[in-house]
$ cat target-v4.txt   # compact mmCIF, C-alpha atoms
# COMPACT_ATOMS: atom_id res chain seq x y z
CA MET U 1 66.35 46.69 146.35
CA ILE U 2 69.69 47.41 147.70
CA SER U 3 71.27 45.31 145.13
CA GLN U 4 69.35 47.05 142.36
CA SER U 5 70.34 50.36 143.83
CA VAL U 6 73.90 49.25 143.99
CA LEU U 7 73.70 48.03 140.45
CA ALA U 8 72.16 51.31 139.41
CA VAL U 9 74.92 53.20 141.16
CA SER U 10 77.47 50.88 139.68
CA LYS U 11 76.08 51.42 136.21
CA THR U 12 76.04 55.14 136.80
CA GLU U 13 79.66 55.01 137.93
CA LYS U 14 80.62 52.90 134.95
CA SER U 15 78.80 55.25 132.70
CA SER U 16 80.49 58.25 134.28
CA LYS U 17 83.82 56.44 134.06
CA LYS U 18 83.21 55.75 130.42
CA LYS U 19 82.24 59.37 129.88
CA SER U 20 85.23 60.42 131.84
CA SER U 21 87.35 58.04 129.85
CA LYS U 22 85.88 59.37 126.65
CA SER U 23 86.40 62.90 127.88
CA ASN U 24 89.98 62.10 128.73
CA SER U 25 90.43 60.45 125.36
CA VAL U 26 89.01 63.50 123.62
CA LYS U 27 91.28 65.71 125.71
CA LYS U 28 94.23 63.52 124.89
CA THR U 29 93.34 63.60 121.23
CA ALA U 30 92.87 67.35 121.44
CA ALA U 31 96.11 67.58 123.32
CA LYS U 32 97.77 65.47 120.68
CA LYS U 33 96.33 67.66 117.98
CA ILE U 34 97.48 70.76 119.88
CA THR U 35 100.84 69.11 120.34
CA LYS U 36 100.96 68.26 116.64
CA LYS U 37 99.91 71.80 115.76
CA THR U 38 102.41 73.14 118.19
CA ALA U 39 104.98 70.79 116.77
CA ALA U 40 103.91 71.89 113.29
CA LYS U 41 104.23 75.49 114.39
CA LYS U 42 107.56 74.69 115.90
CA ILE U 43 108.56 72.92 112.71
CA THR U 44 107.22 75.91 110.75
CA LYS U 45 109.09 78.24 113.06
CA LYS U 46 112.19 76.11 112.73
CA THR U 47 111.72 76.01 108.99
CA ALA U 48 111.11 79.75 109.01
CA ALA U 49 114.07 80.11 111.32
CA LYS U 50 116.13 77.95 108.95
CA LYS U 51 114.91 80.04 106.06
CA ILE U 52 115.70 83.16 108.01
CA THR U 53 119.01 81.61 108.96
CA LYS U 54 119.61 80.70 105.31
CA LYS U 55 118.60 84.18 104.26
CA THR U 56 120.72 85.61 107.00
CA ALA U 57 123.50 83.28 105.94
CA ALA U 58 122.91 84.28 102.34
CA LYS U 59 122.99 87.89 103.41
CA LYS U 60 126.12 87.19 105.36
CA ILE U 61 127.59 85.40 102.34
CA THR U 62 126.45 88.28 100.16
CA LYS U 63 127.95 90.72 102.64
CA LYS U 64 131.10 88.66 102.76
CA THR U 65 131.18 88.48 98.97
CA ALA U 66 130.50 92.22 98.82
CA ALA U 67 133.14 92.70 101.47
CA LYS U 68 135.50 90.57 99.43
CA LYS U 69 134.66 92.59 96.33
CA ILE U 70 135.17 95.81 98.26
CA THR U 71 138.38 94.37 99.65
CA LYS U 72 139.45 93.42 96.12
CA LYS U 73 138.51 96.85 94.84
CA THR U 74 140.30 98.44 97.77
CA ALA U 75 143.25 96.17 97.12
CA ALA U 76 143.08 97.05 93.44
CA LYS U 77 142.95 100.73 94.37
CA LYS U 78 145.89 100.23 96.68
CA ILE U 79 147.77 98.40 93.92
CA THR U 80 146.80 101.17 91.48
CA LYS U 81 147.91 103.76 94.00
CA LYS U 82 151.15 101.87 94.54
CA THR U 83 151.62 101.55 90.77
CA ALA U 84 150.80 105.24 90.36
CA ALA U 85 153.18 106.00 93.20
CA LYS U 86 155.85 103.92 91.46
CA LYS U 87 155.20 105.77 88.20
CA ILE U 88 155.36 109.10 90.02
CA THR U 89 158.56 107.93 91.71
CA LYS U 90 159.98 106.95 88.31
CA LYS U 91 158.94 110.29 86.85
CA THR U 92 160.41 112.07 89.86
CA ALA U 93 163.57 110.02 89.44
CA ALA U 94 163.63 110.92 85.75
CA LYS U 95 163.18 114.57 86.65
CA LYS U 96 166.00 114.32 89.15
CA ILE U 97 168.26 112.79 86.51
CA SER U 98 167.59 115.53 83.93
CA VAL U 99 168.21 118.39 86.31
CA THR U 100 169.41 120.77 83.58
CA PRO U 101 166.68 121.60 81.04
CA ARG U 102 167.89 122.45 77.53
CA THR U 103 166.83 126.01 76.79
CA LYS U 104 169.82 127.67 75.13
CA VAL U 105 169.83 128.81 71.48
CA ILE U 106 173.19 129.46 69.79
CA CYS U 107 174.11 130.63 66.30
CA ILE U 108 177.67 130.05 65.05
CA SER U 109 178.22 132.35 62.10
CA HIS U 110 180.95 133.79 59.86
CA LYS U 111 182.45 136.97 61.29
CA GLU U 112 184.39 138.32 58.30
CA ASP U 113 181.64 139.67 56.05
CA CYS U 114 178.17 141.20 55.99
CA ASP U 115 176.50 137.92 55.03
CA GLY U 116 177.72 136.12 58.16
CA ILE U 117 176.94 138.99 60.54
CA SER U 118 173.50 139.54 58.96
CA SER U 119 172.65 135.82 59.16
CA ALA U 120 173.40 135.84 62.89
CA ALA U 121 171.23 138.97 63.29
CA LEU U 122 168.18 137.39 61.61
CA ILE U 123 168.55 134.14 63.59
CA ARG U 124 168.67 136.26 66.76
CA GLN U 125 165.53 138.15 65.71
CA ALA U 126 163.65 134.94 64.88
CA PHE U 127 164.76 132.68 67.75
CA GLY U 128 166.63 134.79 70.31
CA GLY U 129 169.74 133.31 71.86
CA ASP U 130 173.44 134.12 71.52
CA SER U 131 175.90 134.34 68.64
CA ILE U 132 179.40 132.93 68.32
CA LEU U 133 181.24 134.68 65.50
CA VAL U 134 184.22 132.91 63.93
CA ASP U 135 186.39 132.78 60.84
CA TYR U 136 186.79 129.57 58.86
CA PRO U 137 189.73 128.21 60.90
CA GLY U 138 187.81 128.84 64.13
CA GLN U 139 184.69 126.92 63.11
CA MET U 140 185.67 123.54 64.57
CA ASP U 141 186.88 125.08 67.84
CA ALA U 142 183.49 126.75 68.27
CA LEU U 143 181.64 123.49 67.59
CA ASN U 144 183.78 121.59 70.07
CA GLN U 145 183.00 124.31 72.60
CA VAL U 146 179.20 123.97 72.32
CA VAL U 147 178.99 120.17 71.97
CA SER U 148 179.47 119.72 75.73
CA ASP U 149 176.98 122.44 76.71
CA GLU U 150 174.26 120.63 78.68
CA LYS U 151 171.85 123.58 78.32
CA LEU U 152 172.04 123.74 74.52
CA LYS U 153 168.66 123.18 72.87
CA SER U 154 169.04 124.58 69.32
CA LEU U 155 172.13 125.24 67.21
CA PHE U 156 172.27 127.21 63.95
CA ILE U 157 175.41 127.21 61.80
CA CYS U 158 175.47 129.97 59.17
CA ASP U 159 177.69 130.99 56.25
CA LEU U 160 180.54 128.65 57.18
CA GLY U 161 181.55 126.44 54.27
CA LEU U 162 183.19 123.06 54.69
CA SER U 163 186.34 121.65 53.17
CA LYS U 164 187.64 118.15 52.58
CA LYS U 165 189.77 118.55 55.69
CA THR U 166 187.00 119.61 58.06
CA GLN U 167 183.86 117.88 56.76
CA ASP U 168 184.35 114.51 58.51
CA GLU U 169 184.99 116.15 61.89
CA PHE U 170 181.99 118.42 61.26
CA ILE U 171 179.69 115.39 60.75
CA ASP U 172 181.08 113.65 63.85
CA ILE U 173 180.42 116.67 66.09
CA LEU U 174 176.90 117.16 64.74
CA THR U 175 176.19 113.44 65.27
CA ARG U 176 177.11 113.84 68.94
CA LEU U 177 174.83 116.86 69.22
CA ARG U 178 171.90 115.01 67.66
CA LYS U 179 172.40 112.07 70.06
CA ASN U 180 171.97 114.61 72.86
CA LYS U 181 168.65 115.69 71.27
CA VAL U 182 170.00 119.08 70.19
CA SER U 183 168.18 120.58 67.20
CA VAL U 184 170.77 121.48 64.51
CA THR U 185 170.23 123.65 61.41
CA TYR U 186 172.99 124.22 58.83
CA ILE U 187 172.43 127.16 56.46
CA ASP U 188 175.01 127.93 53.80
CA HIS U 189 175.62 128.83 50.16
CA HIS U 190 179.17 127.56 49.60
CA ASP U 191 179.87 124.56 47.41
CA ILE U 192 179.54 121.35 49.43
CA ASP U 193 180.09 117.66 48.74
CA PRO U 194 176.66 115.98 48.16
CA THR U 195 177.73 113.05 50.35
CA VAL U 196 178.09 115.48 53.26
CA VAL U 197 174.52 116.72 52.75
CA ARG U 198 173.22 113.14 52.74
CA SER U 199 175.17 112.32 55.92
CA LEU U 200 173.73 115.38 57.68
CA GLU U 201 170.18 114.61 56.59
CA LYS U 202 170.61 111.02 57.79
CA ILE U 203 171.23 112.23 61.35
CA LYS U 204 168.23 114.61 61.09
CA VAL U 205 170.20 117.84 60.71
CA LYS U 206 168.09 120.43 58.90
CA VAL U 207 170.10 121.51 55.85
CA ILE U 208 169.21 124.73 54.03
CA HIS U 209 171.67 124.99 51.15
CA ASP U 210 171.50 126.90 47.89
CA ILE U 211 174.59 128.12 46.01
CA ASN U 212 172.38 130.61 44.10
CA GLU U 213 171.46 132.79 47.09
CA CYS U 214 173.54 134.24 49.92
CA THR U 215 173.07 132.75 53.39
CA THR U 216 171.14 135.71 54.85
CA VAL U 217 168.61 135.59 52.01
CA GLN U 218 168.11 131.87 52.72
CA VAL U 219 167.60 132.59 56.43
CA TYR U 220 165.07 135.29 55.53
CA ASN U 221 163.26 133.01 53.07
CA ALA U 222 163.09 130.11 55.56
CA TYR U 223 161.87 132.09 58.57
CA THR U 224 159.93 135.05 57.09
CA SER U 225 156.96 134.40 59.40
CA LYS U 226 159.20 134.86 62.47
CA LEU U 227 160.87 138.06 61.19
CA ASN U 228 159.72 141.66 60.94
CA ASP U 229 159.59 143.78 57.77
CA HIS U 230 163.04 145.29 58.33
CA ALA U 231 164.62 141.84 57.94
CA SER U 232 164.20 142.10 54.17
CA PHE U 233 166.54 145.12 54.13
CA VAL U 234 169.18 143.25 56.16
CA ALA U 235 168.98 140.39 53.65
CA THR U 236 169.21 142.82 50.70
CA CYS U 237 172.44 144.37 52.02
CA ALA U 238 173.96 140.92 52.54
CA ALA U 239 173.10 139.92 48.96
CA ILE U 240 174.78 143.09 47.63
CA THR U 241 178.02 142.55 49.56
CA ASP U 242 178.20 138.91 48.38
CA TYR U 243 177.63 139.98 44.74
CA MET U 244 174.36 138.02 44.69
CA GLU U 245 171.80 140.80 44.37
CA ASP U 246 170.98 139.57 40.83
CA ARG U 247 169.79 136.13 42.01
CA PRO U 248 166.08 135.14 42.02
CA ILE U 249 165.21 136.05 45.62
CA GLY U 250 167.93 138.64 46.12
CA SER U 251 166.84 140.67 43.08
CA LYS U 252 163.20 140.74 44.31
CA LEU U 253 164.31 142.02 47.70
CA LEU U 254 166.44 144.76 46.12
CA GLN U 255 163.42 146.01 44.18
CA ILE U 256 161.72 146.92 47.47
CA TYR U 257 164.31 149.61 48.21
CA ASP U 258 166.05 152.48 46.49
CA ARG U 259 169.14 150.91 44.92
CA GLN U 260 171.61 153.64 45.96
CA PHE U 261 170.30 153.66 49.53
CA ALA U 262 170.78 149.89 49.73
CA LEU U 263 174.24 150.05 48.11
CA ILE U 264 175.64 152.69 50.47
CA SER U 265 174.15 150.94 53.51
CA ALA U 266 175.68 147.60 52.46
CA THR U 267 179.06 149.25 51.83
CA VAL U 268 179.10 151.02 55.20
CA MET U 269 178.26 147.74 56.96
CA THR U 270 181.04 145.92 55.12
CA TYR U 271 183.69 148.51 56.04
CA ASN U 272 182.63 148.46 59.69
CA ILE U 273 182.81 144.66 59.80
CA VAL U 274 186.17 144.37 58.03
CA GLY U 275 187.67 147.16 60.13
CA HIS U 276 186.67 145.60 63.48
CA GLN U 277 187.84 142.00 63.00
CA ARG U 278 190.01 142.21 66.09
CA GLU U 279 187.15 143.55 68.21
CA PRO U 280 184.69 140.69 68.82
CA ASP U 281 182.53 142.77 71.18
CA TYR U 282 181.89 145.33 68.45
CA LEU U 283 180.90 142.60 65.98
CA GLN U 284 178.43 141.23 68.55
CA TYR U 285 177.11 144.78 68.96
CA LEU U 286 176.45 144.98 65.22
CA VAL U 287 174.52 141.68 65.35
CA GLU U 288 172.34 143.02 68.16
CA GLU U 289 171.69 146.35 66.42
CA LEU U 290 170.72 144.71 63.13
CA ALA U 291 168.47 142.25 65.01
CA ASP U 292 166.79 145.29 66.60
CA SER U 293 165.95 146.61 63.09
CA LYS U 294 168.53 149.39 63.00
CA PHE U 295 169.70 150.81 59.67
CA PRO U 296 173.49 151.23 59.35
CA HIS U 297 173.11 155.02 59.56
CA ASP U 298 171.21 154.59 62.88
CA ILE U 299 174.20 152.86 64.47
CA PRO U 300 176.55 155.47 65.99
CA ASN U 301 179.77 156.32 64.10
CA THR U 302 179.35 153.75 61.32
CA PHE U 303 179.70 156.28 58.50
CA GLU U 304 182.66 157.94 60.21
CA PHE U 305 184.41 154.61 60.60
CA ALA U 306 183.62 153.67 57.00
CA GLN U 307 185.37 156.86 55.90
CA ILE U 308 188.50 155.78 57.80
CA GLN U 309 188.42 152.42 56.01
CA VAL U 310 187.98 154.09 52.63
CA GLU U 311 191.06 156.20 53.26
CA LYS U 312 193.06 153.06 54.14
CA LEU U 313 191.89 151.29 50.99
CA SER U 314 192.76 154.27 48.83
CA ARG U 315 196.34 154.03 50.09
CA MET U 316 196.23 150.29 49.31
CA ILE U 317 195.99 151.01 45.58
CA ALA U 318 199.50 152.45 45.47
CA LYS U 319 200.86 149.54 47.55
CA VAL U 320 199.28 146.95 45.25
CA LYS U 321 200.69 148.60 42.15
CA LYS U 322 204.13 148.47 43.72
CA GLY U 323 204.06 145.07 45.46
CA MET U 324 201.94 142.69 43.36
CA LYS U 325 203.38 139.93 41.20
CA THR U 326 201.92 138.22 38.17
CA MET U 327 201.96 134.72 36.72
CA SER U 328 200.48 133.49 33.46
CA ASN U 329 196.89 133.19 34.79
CA LEU U 330 196.77 135.21 38.01
CA GLY U 331 198.09 138.14 40.00
CA HIS U 332 199.12 137.69 43.65
CA MET U 333 200.41 139.69 46.60
CA GLU U 334 201.23 139.27 50.28
CA ILE U 335 199.40 141.83 52.43
CA LEU U 336 201.19 143.13 55.52
CA ASP U 337 199.12 145.93 57.06
CA ALA U 338 195.49 145.26 56.04
CA GLY U 339 193.06 142.41 55.48
CA ALA U 340 193.59 140.16 52.46
CA SER U 341 189.90 140.34 51.53
CA GLY U 342 190.06 144.13 51.25
CA ALA U 343 193.02 144.07 48.87
CA VAL U 344 192.26 141.08 46.64
CA ASN U 345 189.96 142.91 44.20
CA PHE U 346 192.67 145.53 43.64
CA VAL U 347 195.17 142.74 42.91
CA MET U 348 192.86 141.14 40.34
CA GLY U 349 191.92 144.45 38.70
CA LEU U 350 195.37 146.04 38.59
CA SER U 351 197.12 142.84 37.45
CA GLY U 352 194.96 142.57 34.34
CA LYS U 353 194.41 138.86 35.07
CA ASP U 354 191.13 136.98 35.49
CA VAL U 355 192.15 135.76 38.96
CA GLY U 356 193.60 137.68 41.90
CA VAL U 357 195.15 136.17 45.06
CA ALA U 358 195.92 138.07 48.26
CA TYR U 359 197.35 136.39 51.37
CA LYS U 360 198.24 137.51 54.87
CA GLU U 361 200.24 135.64 57.49
CA ARG U 362 198.60 134.72 60.78
CA ILE U 363 201.66 134.36 62.93
CA ASP U 364 199.73 132.95 65.90
CA HIS U 365 198.56 129.96 63.83
CA GLY U 366 201.52 129.45 61.49
CA ILE U 367 199.30 129.76 58.43
CA TYR U 368 198.36 132.14 55.64
CA ALA U 369 194.78 133.37 55.25
CA VAL U 370 194.15 133.48 51.50
CA SER U 371 191.47 135.34 49.50
CA VAL U 372 190.83 134.48 45.86
CA ARG U 373 188.64 136.41 43.38
CA GLY U 374 187.75 135.79 39.76
CA SER U 375 186.49 138.15 37.06
CA LYS U 376 183.37 137.54 34.99
CA ASN U 377 185.66 136.03 32.35
CA CYS U 378 186.96 133.33 34.72
CA LYS U 379 185.77 129.99 33.34
CA VAL U 380 186.57 127.67 36.27
CA HIS U 381 184.91 127.15 39.65
CA LEU U 382 187.53 128.63 41.96
CA GLY U 383 185.85 127.36 45.13
CA LYS U 384 186.10 123.70 44.09
CA ILE U 385 189.69 124.03 42.91
CA VAL U 386 190.83 125.83 46.08
CA ASN U 387 189.07 123.27 48.31
CA LEU U 388 190.93 120.31 46.82
CA LEU U 389 194.25 122.12 46.48
CA ALA U 390 194.34 123.54 50.00
CA THR U 391 193.37 120.17 51.50
CA SER U 392 196.14 118.39 49.57
CA LEU U 393 198.65 120.82 51.11
CA GLY U 394 197.44 120.27 54.67
CA GLY U 395 195.12 123.28 54.78
CA SER U 396 191.46 123.88 54.01
CA GLY U 397 189.38 126.09 51.77
CA GLY U 398 186.48 126.52 49.38
CA GLY U 399 183.65 128.85 48.50
CA HIS U 400 181.93 130.22 45.41
CA ASP U 401 182.82 129.98 41.77
CA LYS U 402 184.36 133.50 41.66
CA ALA U 403 184.99 134.27 45.33
CA CYS U 404 186.57 131.89 47.82
CA GLY U 405 189.21 131.56 50.51
CA ALA U 406 191.67 129.18 52.03
CA VAL U 407 193.91 128.49 54.99
CA VAL U 408 197.34 127.24 53.92
CA PRO U 409 200.32 126.20 56.09
CA LYS U 410 203.03 128.85 55.91
CA PRO U 411 205.68 126.65 54.22
CA LYS U 412 203.20 125.68 51.46
CA ILE U 413 202.01 129.10 50.31
CA LYS U 414 204.31 129.32 47.27
CA LYS U 415 203.30 125.86 46.09
CA PHE U 416 199.64 126.77 46.54
CA ILE U 417 199.97 129.79 44.25
CA THR U 418 201.99 127.86 41.65
CA GLU U 419 199.51 124.96 41.52
CA LEU U 420 196.51 127.28 41.42
CA ASN U 421 198.03 129.10 38.45
CA LYS U 422 198.27 125.75 36.62
CA LYS U 423 194.71 124.70 37.39
CA ILE U 424 192.96 127.85 36.14
CA LYS U 425 194.12 127.69 32.53

$ encode --input "target-v4.txt" --output "structure tokens"
Amino acid sequence: MISQSVLAVSKTEKSSKKKSSKSNSVKKTAAKKITKKTAAKKITKKTAAKKITKKTAAKKITKKTAAKKITKKTAAKKITKKTAAKKITKKTAAKKISVTPRTKVICISHKEDCDGISSAALIRQAFGGDSILVDYPGQMDALNQVVSDEKLKSLFICDLGLSKKTQDEFIDILTRLRKNKVSVTYIDHHDIDPTVVRSLEKIKVKVIHDINECTTVQVYNAYTSKLNDHASFVATCAAITDYMEDRPIGSKLLQIYDRQFALISATVMTYNIVGHQREPDYLQYLVEELADSKFPHDIPNTFEFAQIQVEKLSRMIAKVKKGMKTMSNLGHMEILDAGASGAVNFVMGLSGKDVGVAYKERIDHGIYAVSVRGSKNCKVHLGKIVNLLATSLGGSGGGHDKACGAVVPKPKIKKFITELNKKIK
């Protein structure tokens, strides 16, 4: 009984041990599964963490890349700024170098007649600026004076013809001016060598040249849009005094006005100009008054002064009759107490010749200033002949076919007259 009980207990214990063993096995298996799941979760978490890490890394890389791009852009901006700064520095340096801006306008014009004075007046009205008034011998001195002016922007040269002696120097000076970026305009109606015109155009000098119209008419025609209505009257008077009021443009301008009014105004202007050649300030005053649209009768004392000049010229008639000399083709006379240009027409008319020559000594220069006039019957171009002849004698000269002038060395004046007489047969 005991043994059966023991066996029963033993079986029960074995059974409970087996159950316990099975239970433990199940627990272990469950634990393993949990462990595996946990491990799987851990792996998943690690994987997720890796992914997150990768994403984070990617983000970091992206951020770094973006940062690099930003850095590059910033660097580029800095470079651009530096480049811009360099450019600004260069510009500033350039500005510092060209401290003196070119703003000055100058007109060099003929001072001895109405055409030259009127040309300067219209240039002043159109462009402003200052005038330098010279005779033919003073032209090169005036050009050499302005060529070194660092403020000079625009230069106009009016009614100043060239000769064989002066033309090469003239081109050289204008070449220097053009290299300095100075705008140069040459306006004239005297005979000129075509090679000179080509040389001037080659260096971009604006050449306005027509032997059929006086200089003032050409200035008026070129810059009408910049001039007022009164400018046409100034041009008309200049055409009259240069005996060119019958030319295409000059004749149209004269038709605008009463002929006698224009004639007396032109004559009064001429007498005032000729009578004040030794008073440069007065000549400048006339330029300013004409530029301000004044008629000659509006300028104080012009008619009174013209009367004084008329009286002087009337006395000249008797002197010419007494002092002039004649050759086969011309009459000539040395003038002592008046201007040669004022007496030359009397010499031509009273001599009965087709050509008249009047000359006056300029003691300060050791030369004679010569005026030459031809009648309507004169068949040669006096300007061309005088140009070549004066140059061959060491002087200079030139002009129109029937009105011209020259500068001749004092010892050569007799030879000049003799040779001119031969050439105008």

$ residues_around --input "target-v4.txt" --residues "Ile367 in chain U" --least-positions-apart "4" --cutoff "12 Å" --atoms "only C-alpha atoms" --output "short mmCIF file (atom, residue, chain, number, x, y, z; two decimals) with C-alpha atoms, keeping the file's coordinate frame"
data_model
loop_
_atom_site.label_atom_id
_atom_site.label_comp_id
_atom_site.auth_asym_id
_atom_site.auth_seq_id
_atom_site.Cartn_x
_atom_site.Cartn_y
_atom_site.Cartn_z
CA PRO U 137 189.73 128.21 60.90
CA TYR U 359 197.35 136.39 51.37
CA LYS U 360 198.24 137.51 54.87
CA GLU U 361 200.24 135.64 57.49
CA ARG U 362 198.60 134.72 60.78
CA ILE U 363 201.66 134.36 62.93
CA ALA U 390 194.34 123.54 50.00
CA LEU U 393 198.65 120.82 51.11
CA GLY U 394 197.44 120.27 54.67
CA GLY U 395 195.12 123.28 54.78
CA SER U 396 191.46 123.88 54.01
CA ALA U 406 191.67 129.18 52.03
CA VAL U 407 193.91 128.49 54.99
CA VAL U 408 197.34 127.24 53.92
CA PRO U 409 200.32 126.20 56.09
CA LYS U 410 203.03 128.85 55.91
CA PRO U 411 205.68 126.65 54.22
CA LYS U 412 203.20 125.68 51.46
CA ILE U 413 202.01 129.10 50.31
#

$ residues_near_point --input "target-v4.txt" --point "(174.5, 140.7, 52.5)" --cutoff "8 Å" --atoms "all atoms listed in the file" --output "JSON, numbers by chain"
{"U": [114, 115, 116, 118, 214, 216, 217, 234, 235, 236, 237, 238, 239, 240, 241, 242, 266]}

$ closest_residue --input "target-v4.txt" --among "U:Gly405, U:Gly397, U:Gly374, U:Gly331" --to "Lys165 in chain U" --atoms "all atoms listed in the file"
U:Gly397

$ closest_residue --input "target-v4.txt" --among "U:Tyr257, U:Tyr285, U:Phe156, U:Tyr136" --to "Glu112 in chain U" --atoms "all atoms listed in the file"
U:Tyr136

$ residues_near_point --input "target-v4.txt" --point "(168.3, 130.7, 74.9)" --cutoff "8 Å" --atoms "all atoms listed in the file" --output "list in words"
Thr103, Lys104, Val105, Ile106, Gly128, Gly129, Asp130, Leu152 and Lys153 of chain U

$ closest_residue --input "target-v4.txt" --among "U:Lys321, U:His209, U:Arg178, U:His190" --to "Leu155 in chain U" --atoms "all atoms listed in the file"
U:Arg178

$ residues_around --input "target-v4.txt" --residues "Val268 in chain U" --least-positions-apart "6" --cutoff "10 Å" --atoms "only C-alpha atoms" --output "VMD selection string"
chain U and resid 114 237 296 to 297 302 to 307 309 to 310

$ closest_residue --input "target-v4.txt" --among "U:Gly161, U:Leu174, U:Ser119, U:Arg373" --to "Asn144 in chain U" --atoms "all atoms listed in the file"
U:Leu174

$ atom_distance --input "target-v4.txt" --atom1 "CA of Gly356 in chain U" --atom2 "CA of Asp337 in chain U"
18.1 Å

$ atom_distance --input "target-v4.txt" --atom1 "CA of Ile211 in chain U" --atom2 "CA of Lys164 in chain U"
17.7 Å

$ atom_distance --input "target-v4.txt" --atom1 "CA of Gly138 in chain U" --atom2 "CA of Val372 in chain U"
19.4 Å
